[in-house]
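Structure data follow from run_34.cif (mmCIF, C-alpha atoms (C1' of nucleotides)):
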data_final
#
loop_
_atom_site.label_atom_id
_atom_site.label_comp_id
_atom_site.auth_asym_id
_atom_site.auth_seq_id
_atom_site.Cartn_x
_atom_site.Cartn_y
_atom_site.Cartn_z
CA MET A 1 -81.19 -102.92 -27.72
CA ASN A 2 -81.32 -106.01 -25.55
CA ASN A 3 -80.33 -104.55 -22.23
CA LYS A 4 -78.25 -107.14 -20.45
CA GLY A 5 -75.56 -104.68 -19.44
CA PHE A 6 -74.61 -101.06 -19.17
CA SER A 7 -74.41 -98.82 -22.18
CA ILE A 8 -71.30 -96.77 -22.73
CA GLY A 9 -73.17 -93.67 -21.62
CA GLN A 10 -74.20 -95.26 -18.33
CA VAL A 11 -70.70 -96.48 -17.69
CA ALA A 12 -69.20 -93.08 -18.46
CA LYS A 13 -71.64 -91.35 -16.16
CA GLN A 14 -71.01 -93.70 -13.27
CA ALA A 15 -67.26 -93.64 -13.67
CA ARG A 16 -67.40 -89.86 -14.05
CA VAL A 17 -65.54 -89.73 -17.31
CA ASN A 18 -66.93 -89.00 -20.70
CA VAL A 19 -67.94 -91.43 -23.37
CA GLU A 20 -64.99 -90.64 -25.62
CA THR A 21 -62.63 -91.45 -22.77
CA VAL A 22 -64.14 -94.90 -22.39
CA ARG A 23 -63.60 -95.58 -26.07
CA PHE A 24 -60.13 -94.07 -25.83
CA TYR A 25 -59.23 -96.46 -23.01
CA GLU A 26 -60.54 -99.32 -25.10
CA ARG A 27 -58.37 -98.32 -28.05
CA GLU A 28 -55.40 -98.04 -25.73
CA GLY A 29 -55.97 -101.52 -24.37
CA LEU A 30 -56.74 -100.41 -20.82
CA ILE A 31 -60.17 -101.99 -20.83
CA GLN A 32 -61.33 -104.97 -22.82
CA ARG A 33 -63.50 -104.72 -25.92
CA PRO A 34 -66.98 -105.48 -24.63
CA GLU A 35 -69.70 -107.58 -26.18
CA ARG A 36 -72.01 -105.83 -28.59
CA ASP A 37 -75.78 -105.98 -28.61
CA THR A 38 -77.92 -106.48 -31.72
CA GLY A 39 -77.42 -102.92 -32.83
CA MET A 40 -73.65 -102.99 -32.37
CA TYR A 41 -73.85 -101.00 -29.14
CA ARG A 42 -71.28 -101.81 -26.46
CA GLN A 43 -72.61 -103.83 -23.49
CA TYR A 44 -70.63 -103.52 -20.31
CA ALA A 45 -70.55 -105.62 -17.16
CA PRO A 46 -70.65 -103.49 -13.98
CA GLU A 47 -67.01 -104.26 -13.13
CA ILE A 48 -65.87 -101.93 -15.86
CA ILE A 49 -66.79 -98.98 -13.69
CA SER A 50 -64.39 -99.88 -10.91
CA ARG A 51 -61.76 -100.58 -13.46
CA ILE A 52 -62.09 -97.14 -15.00
CA LYS A 53 -62.03 -95.59 -11.56
CA PHE A 54 -58.89 -97.53 -10.80
CA ILE A 55 -57.30 -96.16 -13.96
CA ARG A 56 -58.28 -92.62 -13.06
CA ARG A 57 -57.03 -92.93 -9.52
CA SER A 58 -53.73 -94.27 -10.75
CA LYS A 59 -53.41 -91.48 -13.26
CA ASN A 60 -54.18 -88.95 -10.57
CA LEU A 61 -51.22 -90.37 -8.68
CA GLY A 62 -48.77 -89.79 -11.47
CA PHE A 63 -48.87 -93.13 -13.28
CA SER A 64 -48.94 -92.91 -17.04
CA LEU A 65 -51.52 -94.92 -18.93
CA LYS A 66 -48.71 -97.17 -20.08
CA GLU A 67 -47.81 -97.89 -16.46
CA VAL A 68 -51.44 -98.53 -15.56
CA ARG A 69 -51.72 -100.95 -18.44
CA GLU A 70 -48.63 -102.78 -17.24
CA LEU A 71 -50.09 -102.89 -13.77
CA LEU A 72 -53.35 -104.36 -14.99
CA ASP A 73 -51.66 -106.78 -17.35
CA LEU A 74 -49.37 -108.21 -14.69
CA ARG A 75 -51.88 -110.89 -13.86
CA ARG A 76 -51.92 -112.47 -17.27
CA ILE A 77 -48.58 -112.61 -18.91
CA PRO A 78 -48.82 -115.79 -20.96
CA GLY A 79 -46.48 -118.52 -19.86
CA THR A 80 -45.26 -116.67 -16.83
CA GLU A 81 -44.66 -118.51 -13.59
CA CYS A 82 -46.52 -117.49 -10.52
CA GLY A 83 -43.32 -116.71 -8.69
CA GLU A 84 -42.24 -114.31 -11.38
CA ILE A 85 -45.60 -112.57 -11.38
CA LYS A 86 -45.40 -112.16 -7.63
CA GLN A 87 -41.93 -110.75 -8.06
CA ARG A 88 -43.22 -108.13 -10.46
CA PHE A 89 -46.04 -107.22 -8.14
CA GLN A 90 -43.53 -106.79 -5.38
CA GLU A 91 -41.55 -104.36 -7.50
CA LYS A 92 -44.65 -102.30 -8.16
CA ILE A 93 -45.52 -102.29 -4.48
CA THR A 94 -42.04 -100.98 -3.70
CA GLU A 95 -42.63 -98.18 -6.20
CA LEU A 96 -45.88 -97.35 -4.46
CA ASP A 97 -44.12 -97.22 -1.10
CA LYS A 98 -41.69 -94.74 -2.56
CA LYS A 99 -44.54 -92.57 -3.76
CA ILE A 100 -46.17 -92.71 -0.36
CA GLU A 101 -42.91 -91.59 1.22
CA ASP A 102 -42.66 -88.73 -1.25
CA LEU A 103 -46.17 -87.62 -0.45
CA ILE A 104 -45.43 -87.66 3.24
CA ARG A 105 -42.32 -85.62 2.58
CA ILE A 106 -44.26 -83.02 0.62
CA LYS A 107 -46.85 -82.98 3.34
CA THR A 108 -44.13 -82.26 5.87
CA VAL A 109 -42.91 -79.36 3.77
CA LEU A 110 -46.39 -77.90 3.60
CA ALA A 111 -46.99 -78.37 7.29
CA GLU A 112 -43.74 -76.58 8.04
CA LEU A 113 -44.62 -73.77 5.69
CA ALA A 114 -47.97 -73.39 7.36
CA ASN A 115 -46.35 -73.24 10.78
CA ALA A 116 -43.73 -70.75 9.63
CA CYS A 117 -46.55 -68.30 9.34
CA ASN A 118 -46.90 -67.18 12.91
CA GLY A 119 -47.06 -63.43 12.92
CA VAL A 120 -49.26 -61.31 10.74
CA GLY A 121 -48.53 -60.75 7.09
CA SER A 122 -45.80 -62.34 5.05
CA LEU A 123 -43.91 -65.49 5.76
CA ASP A 124 -40.36 -66.01 6.88
CA PHE A 125 -38.59 -67.18 3.79
CA CYS A 126 -35.83 -68.91 5.72
CA SER A 127 -38.09 -71.64 6.99
CA VAL A 128 -39.41 -72.18 3.52
CA ARG A 129 -35.92 -72.66 2.31
CA GLU A 130 -35.13 -75.04 5.13
CA SER A 131 -38.20 -77.12 4.39
CA LEU A 132 -37.28 -77.39 0.77
CA GLU A 133 -33.67 -78.10 1.52
CA ALA A 134 -34.51 -80.92 3.87
CA GLN A 135 -35.59 -82.64 0.69
CA VAL A 136 -32.26 -82.44 -1.06
CA ASP A 137 -30.34 -85.57 -1.85
CA GLN A 138 -33.28 -87.87 -1.71
CA ASP A 139 -32.65 -88.18 -5.41
CA ARG A 140 -35.80 -88.99 -7.30
CA MET G 1 -18.00 -65.14 -15.79
CA ASN G 2 -17.77 -64.17 -12.14
CA ASN G 3 -18.58 -67.43 -10.48
CA LYS G 4 -20.59 -66.63 -7.40
CA GLY G 5 -23.21 -69.27 -8.07
CA PHE G 6 -24.15 -72.30 -10.11
CA SER G 7 -24.48 -72.16 -13.85
CA ILE G 8 -27.62 -73.48 -15.44
CA GLY G 9 -25.71 -76.54 -16.58
CA GLN G 10 -24.53 -77.36 -13.08
CA VAL G 11 -28.01 -76.89 -11.68
CA ALA G 12 -29.55 -79.07 -14.36
CA LYS G 13 -27.03 -81.83 -13.76
CA GLN G 14 -27.54 -81.81 -10.00
CA ALA G 15 -31.31 -81.70 -10.23
CA ARG G 16 -31.21 -84.40 -12.91
CA VAL G 17 -33.19 -82.46 -15.46
CA ASN G 18 -31.94 -80.89 -18.61
CA VAL G 19 -31.03 -77.30 -19.18
CA GLU G 20 -34.08 -76.57 -21.30
CA THR G 21 -36.31 -77.77 -18.51
CA VAL G 22 -34.77 -75.29 -16.09
CA ARG G 23 -35.45 -72.47 -18.52
CA PHE G 24 -38.91 -73.84 -19.14
CA TYR G 25 -39.69 -73.79 -15.41
CA GLU G 26 -38.45 -70.22 -15.28
CA ARG G 27 -40.75 -69.18 -18.12
CA GLU G 28 -43.62 -70.93 -16.39
CA GLY G 29 -42.98 -69.06 -13.16
CA LEU G 30 -42.07 -72.14 -11.13
CA ILE G 31 -38.62 -70.85 -10.29
CA GLN G 32 -37.54 -67.25 -10.01
CA ARG G 33 -35.51 -65.48 -12.65
CA PRO G 34 -31.98 -65.61 -11.28
CA GLU G 35 -29.31 -62.92 -11.28
CA ARG G 36 -27.13 -62.73 -14.34
CA ASP G 37 -23.38 -62.48 -14.41
CA THR G 38 -21.41 -60.05 -16.57
CA GLY G 39 -21.93 -62.13 -19.65
CA MET G 40 -25.70 -62.52 -19.15
CA TYR G 41 -25.35 -66.08 -17.88
CA ARG G 42 -27.79 -67.20 -15.18
CA GLN G 43 -26.31 -67.47 -11.67
CA TYR G 44 -28.16 -69.77 -9.30
CA ALA G 45 -28.09 -70.12 -5.54
CA PRO G 46 -27.87 -73.76 -4.40
CA GLU G 47 -31.46 -73.76 -3.13
CA ILE G 48 -32.73 -73.89 -6.68
CA ILE G 49 -31.74 -77.53 -6.88
CA SER G 50 -34.02 -78.63 -4.06
CA ARG G 51 -36.77 -76.54 -5.50
CA ILE G 52 -36.50 -78.24 -8.88
CA LYS G 53 -36.44 -81.62 -7.18
CA PHE G 54 -39.55 -80.64 -5.25
CA ILE G 55 -41.27 -79.76 -8.51
CA ARG G 56 -40.29 -83.07 -10.07
CA ARG G 57 -41.40 -85.06 -7.08
CA SER G 58 -44.75 -83.31 -7.07
CA LYS G 59 -45.18 -83.91 -10.77
CA ASN G 60 -44.34 -87.55 -10.29
CA LEU G 61 -47.22 -87.68 -7.83
CA GLY G 62 -49.77 -86.39 -10.27
CA PHE G 63 -49.71 -82.67 -9.58
CA SER G 64 -49.76 -80.48 -12.65
CA LEU G 65 -47.23 -77.69 -12.93
CA LYS G 66 -50.07 -75.28 -12.30
CA GLU G 67 -50.83 -76.98 -9.01
CA VAL G 68 -47.17 -77.02 -8.04
CA ARG G 69 -46.97 -73.31 -8.76
CA GLU G 70 -49.99 -72.70 -6.56
CA LEU G 71 -48.40 -74.78 -3.85
CA LEU G 72 -45.17 -72.81 -3.99
CA ASP G 73 -46.94 -69.47 -4.23
CA LEU G 74 -49.10 -70.07 -1.18
CA ARG G 75 -46.54 -68.48 1.06
CA ARG G 76 -46.65 -65.10 -0.58
CA ILE G 77 -50.04 -64.01 -1.62
CA PRO G 78 -49.86 -60.26 -1.20
CA GLY G 79 -52.11 -58.88 1.48
CA THR G 80 -53.22 -62.24 2.72
CA GLU G 81 -53.61 -62.89 6.39
CA CYS G 82 -51.62 -65.60 8.04
CA GLY G 83 -54.74 -67.43 9.10
CA GLU G 84 -55.96 -67.61 5.55
CA ILE G 85 -52.63 -68.87 4.30
CA LYS G 86 -52.67 -71.55 6.96
CA GLN G 87 -56.18 -72.45 5.90
CA ARG G 88 -55.04 -72.94 2.32
CA PHE G 89 -52.13 -75.05 3.41
CA GLN G 90 -54.51 -77.18 5.39
CA GLU G 91 -56.62 -77.75 2.31
CA LYS G 92 -53.57 -78.88 0.37
CA ILE G 93 -52.54 -81.18 3.18
CA THR G 94 -56.00 -82.74 3.10
CA GLU G 95 -55.57 -83.34 -0.63
CA LEU G 96 -52.25 -85.02 0.06
CA ASP G 97 -53.85 -87.26 2.67
CA LYS G 98 -56.39 -88.31 0.08
CA LYS G 99 -53.62 -89.20 -2.32
CA ILE G 100 -51.84 -91.20 0.32
CA GLU G 101 -55.06 -93.11 0.98
CA ASP G 102 -55.45 -93.78 -2.72
CA LEU G 103 -51.93 -95.10 -2.95
CA ILE G 104 -52.50 -97.39 -0.02
CA ARG G 105 -55.68 -98.61 -1.68
CA ILE G 106 -53.87 -99.36 -4.93
CA LYS G 107 -51.16 -101.08 -2.95
CA THR G 108 -53.78 -103.26 -1.32
CA VAL G 109 -55.15 -104.21 -4.71
CA LEU G 110 -51.71 -105.20 -5.92
CA ALA G 111 -50.95 -107.15 -2.78
CA GLU G 112 -54.21 -109.05 -3.18
CA LEU G 113 -53.49 -109.73 -6.82
CA ALA G 114 -50.07 -111.04 -5.91
CA ASN G 115 -51.57 -113.34 -3.30
CA ALA G 116 -54.28 -114.56 -5.65
CA CYS G 117 -51.53 -116.23 -7.56
CA ASN G 118 -51.08 -119.38 -5.53
CA GLY G 119 -51.05 -122.27 -7.91
CA VAL G 120 -48.97 -122.51 -11.04
CA GLY G 121 -49.84 -120.62 -14.17
CA SER G 122 -52.60 -118.09 -14.62
CA LEU G 123 -54.40 -116.16 -11.98
CA ASP G 124 -57.88 -116.49 -10.62
CA PHE G 125 -59.76 -113.65 -12.17
CA CYS G 126 -62.38 -113.56 -9.45
CA SER G 127 -59.99 -112.22 -6.88
CA VAL G 128 -58.83 -109.59 -9.30
CA ARG G 129 -62.37 -108.50 -9.75
CA GLU G 130 -62.97 -108.43 -6.02
CA SER G 131 -59.90 -106.31 -5.47
CA LEU G 132 -60.96 -103.86 -8.08
CA GLU G 133 -64.50 -103.80 -6.87
CA ALA G 134 -63.47 -103.02 -3.33
CA GLN G 135 -62.48 -99.70 -4.80
CA VAL G 136 -65.89 -98.78 -6.07
CA ASP G 137 -67.76 -95.88 -4.65
CA GLN G 138 -64.78 -94.15 -3.22
CA ASP G 139 -65.55 -91.61 -5.87
CA ARG G 140 -62.45 -89.72 -6.90
"C1'" DC K 1 -6.13 -66.06 -30.54
"C1'" DT K 2 -8.53 -69.84 -31.72
"C1'" DT K 3 -10.93 -74.11 -30.43
"C1'" DG K 4 -14.41 -76.39 -27.91
"C1'" DA K 5 -17.64 -76.36 -24.38
"C1'" DC K 6 -21.21 -73.74 -22.51
"C1'" DT K 7 -24.93 -70.32 -22.64
"C1'" DC K 8 -28.21 -67.03 -24.76
"C1'" DT K 9 -33.12 -66.18 -27.05
"C1'" DG K 10 -36.65 -67.72 -29.66
"C1'" DT K 11 -39.25 -70.91 -32.15
"C1'" DA K 12 -40.55 -75.47 -33.65
"C1'" DG K 13 -41.41 -80.24 -32.80
"C1'" DT K 14 -42.97 -84.30 -29.87
"C1'" DA K 15 -45.53 -87.47 -26.60
"C1'" DT K 16 -49.31 -88.08 -23.72
"C1'" DA K 17 -54.01 -87.95 -22.67
"C1'" DG K 18 -57.70 -86.76 -23.74
"C1'" DT K 19 -61.84 -83.85 -26.24
"C1'" DA K 20 -64.64 -82.45 -30.05
"C1'" DC K 21 -66.89 -83.22 -34.29
"C1'" DG K 22 -68.91 -84.95 -38.63
"C1'" DG K 23 -71.92 -88.01 -40.73
"C1'" DA K 24 -74.46 -92.08 -40.12
"C1'" DG K 25 -77.13 -95.66 -37.78
"C1'" DT K 26 -80.32 -97.10 -33.66
"C1'" DA K 27 -83.73 -96.76 -29.94
"C1'" DT K 28 -87.76 -94.72 -27.46
"C1'" DA K 29 -91.41 -91.69 -26.50
"C1'" DT K 30 -95.31 -89.22 -28.31
"C1'" DA S 1 -93.76 -91.78 -38.18
"C1'" DT S 2 -90.92 -88.55 -36.47
"C1'" DA S 3 -88.41 -86.00 -33.05
"C1'" DT S 4 -84.93 -86.63 -29.57
"C1'" DA S 5 -81.41 -88.98 -27.47
"C1'" DC S 6 -77.94 -92.15 -27.71
"C1'" DT S 7 -74.35 -94.71 -30.17
"C1'" DC S 8 -71.18 -95.86 -33.95
"C1'" DC S 9 -66.37 -94.96 -36.31
"C1'" DG S 10 -62.79 -92.19 -37.71
"C1'" DT S 11 -60.29 -88.14 -37.77
"C1'" DA S 12 -58.92 -83.70 -36.09
"C1'" DC S 13 -58.04 -80.63 -32.57
"C1'" DT S 14 -56.29 -79.24 -27.81
"C1'" DA S 15 -53.48 -78.69 -23.44
"C1'" DT S 16 -49.63 -79.99 -20.90
"C1'" DA S 17 -44.91 -80.69 -20.37
"C1'" DC S 18 -41.31 -80.97 -22.16
"C1'" DT S 19 -37.28 -81.45 -25.98
"C1'" DA S 20 -34.70 -80.08 -29.89
"C1'" DC S 21 -32.83 -76.97 -32.86
"C1'" DA S 22 -30.79 -72.51 -35.03
"C1'" DG S 23 -27.88 -68.88 -34.92
"C1'" DA S 24 -25.32 -65.95 -32.00
"C1'" DG S 25 -22.56 -64.66 -27.99
"C1'" DT S 26 -19.22 -66.05 -23.90
"C1'" DC S 27 -15.47 -68.28 -21.53
"C1'" DA S 28 -11.19 -71.02 -20.27
"C1'" DA S 29 -7.42 -73.63 -21.93
"C1'" DG S 30 -3.61 -74.31 -24.77
#
Just dump the structure as structure tokens.
Amino acid sequence: MNNKGFSIGQVAKQARVNVETVRFYEREGLIQRPERDTGMYRQYAPEIISRIKFIRRSKNLGFSLKEVRELLDLRRIPGTECGEIKQRFQEKITELDKKIEDLIRIKTVLAELANACNGVGSLDFCSVRESLEAQVDQDR
Amino acid sequence: MNNKGFSIGQVAKQARVNVETVRFYEREGLIQRPERDTGMYRQYAPEIISRIKFIRRSKNLGFSLKEVRELLDLRRIPGTECGEIKQRFQEKITELDKKIEDLIRIKTVLAELANACNGVGSLDFCSVRESLEAQVDQDR
DNA sequence: CTTGACTCTGTAGTATAGTACGGAGTATAT
DNA sequence: ATATACTCCGTACTATACTACAGAGTCAAG
């Protein structure tokens, strides 16, 4: 080993995933194939850790790995004009705004449910229903 | 058929899922078993549609069906005090806030990436790296 | 009273996202 | 030099969340 970088084990530990997941992400094209040291061990630059965390965060927010890959690949579509790239980014940002809205909506439902519980014991089902119904016809 | 309610097909169509999914959610305890008509067909009250949409929205935001079930079951844990229920809701709301923060963070990354693209052609990788790195050590 | 659309139950199949494992090589500490 | 820990590759297994039948019953229209 000529240690000019992180080993896969170190990366996995710091990104709080396991080693197999790092290799899995590599196979799936979510992270680049790293350099290898003399003994064929993977050598990672520290940036990989934030990248893996980014992937995990995105996944945690309901993006599929395919979507995350698209997100990360936006910046280097060969032969694509800057304007077009910006356009695509804008679309993604709009998607994110929609998700944020949805989260706020769910939060509102929960807050209402929590408040509906005023007396002792069980909850008034009517208010639950109202909270849920307020969500109708948002469609998607 | 004695039509005092929606059929499973009508519900599925309105909630934009397919019929099998409605039955699947029933099996998984995410929606209640509905009344049956004379011919053993399921009869749904209109509220079911908003409930299914709520489930879908939550899923789209990275909650597992198990988590959604927990969310929906919060309001009727037998023998649980109101204060405790409220406490649990508060925990969930805190989780949601975290997700909202994460989304905003991802949005920031994308916005920065979009801006990094100023000239013509490919993007400056440094700014990409910076954007990603700004995310480090948020840990989860 | 039959045709076609819909529903029933149950089981099997699929896609996604990992996770585990076997057998072998590599590195380091004693 | 040898035990222990780490890594390699490839394949197999798992959980989650659907999705697709198969074979039978139900319903409404013509």
Answer key for the PyMOL selection byres ((chain G and resi 56) around 10), residues as a VMD selection string: (chain A and resid 140) or (chain G and resid 15 to 17 50 to 55 57 to 61 63 65 68)
Could you give me, as a Markdown table, a per-residue list for chain A showing, wherever an atom lies at most 12 Å from an atom of chain S, the closest pair of atoms and their distance in Å to one decimal, using only C-alpha atoms (C1' of nucleotides) and sorting by chain then residue number from low to high?
| residue | atom | partner | partner_atom | distance |
| --- | --- | --- | --- | --- |
| A:Met1 | CA | S:DT7 | C1' | 11.0 |
| A:Ser7 | CA | S:DT7 | C1' | 9.0 |
| A:Ile8 | CA | S:DT7 | C1' | 8.3 |
| A:Gly9 | CA | S:DC6 | C1' | 7.9 |
| A:Gln10 | CA | S:DC6 | C1' | 10.6 |
| A:Val19 | CA | S:DT7 | C1' | 9.9 |
| A:Glu20 | CA | S:DT7 | C1' | 11.2 |
| A:Arg23 | CA | S:DC9 | C1' | 10.6 |
| A:Arg27 | CA | S:DC9 | C1' | 12.0 |
| A:Arg36 | CA | S:DC8 | C1' | 11.3 |
| A:Asp37 | CA | S:DT7 | C1' | 11.5 |
| A:Gly39 | CA | S:DT7 | C1' | 9.2 |
| A:Met40 | CA | S:DC8 | C1' | 7.7 |
| A:Tyr41 | CA | S:DT7 | C1' | 6.4 |
| A:Arg42 | CA | S:DT7 | C1' | 8.6 |
| A:Gln43 | CA | S:DT7 | C1' | 11.4 |
Residues matched by the PyMOL selection byres ((chain K) within 9 of (chain G)) as an MDAnalysis selection string: chainID K and resid 6:8
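Take CA of Val11 (chain G) and CA of Glu26 (chain G): the distance between them is 12.9 Å.
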Distance criterion (all atoms listed in the file): nearest to chain G out of A:Ile31, A:Glu81, A:Lys98, A:Val109: A:Glu81
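CA of Leu30 (chain G) sits 22.8 Å away from C1' of DA12 (chain K).
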Distance of CA of Phe24 (chain A) from C1' of DG18 (chain K), expressed in Å to one decimal place: 8.0 Å
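Residues with any atom within 9 Å of Asp97 (chain A), counting only C-alpha atoms (C1' of nucleotides) and excluding same-chain neighbours fewer than 6 positions away, are G:Leu103, G:Ile104, G:Lys107.
Nearest to chain G of all the residues A:Glu112, A:Phe6, A:Arg105, A:Lys86 is A:Lys86, counting only C-alpha atoms.
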Explicit residues for the PyMOL selection byres ((chain G and resi 89) around 12) (as JSON, numbers by chain): {"A": [106, 107, 108, 109, 110, 111, 112, 113, 114, 115, 116, 117], "G": [70, 71, 72, 73, 74, 75, 82, 83, 84, 85, 86, 87, 88, 90, 91, 92, 93, 94, 95, 96]}
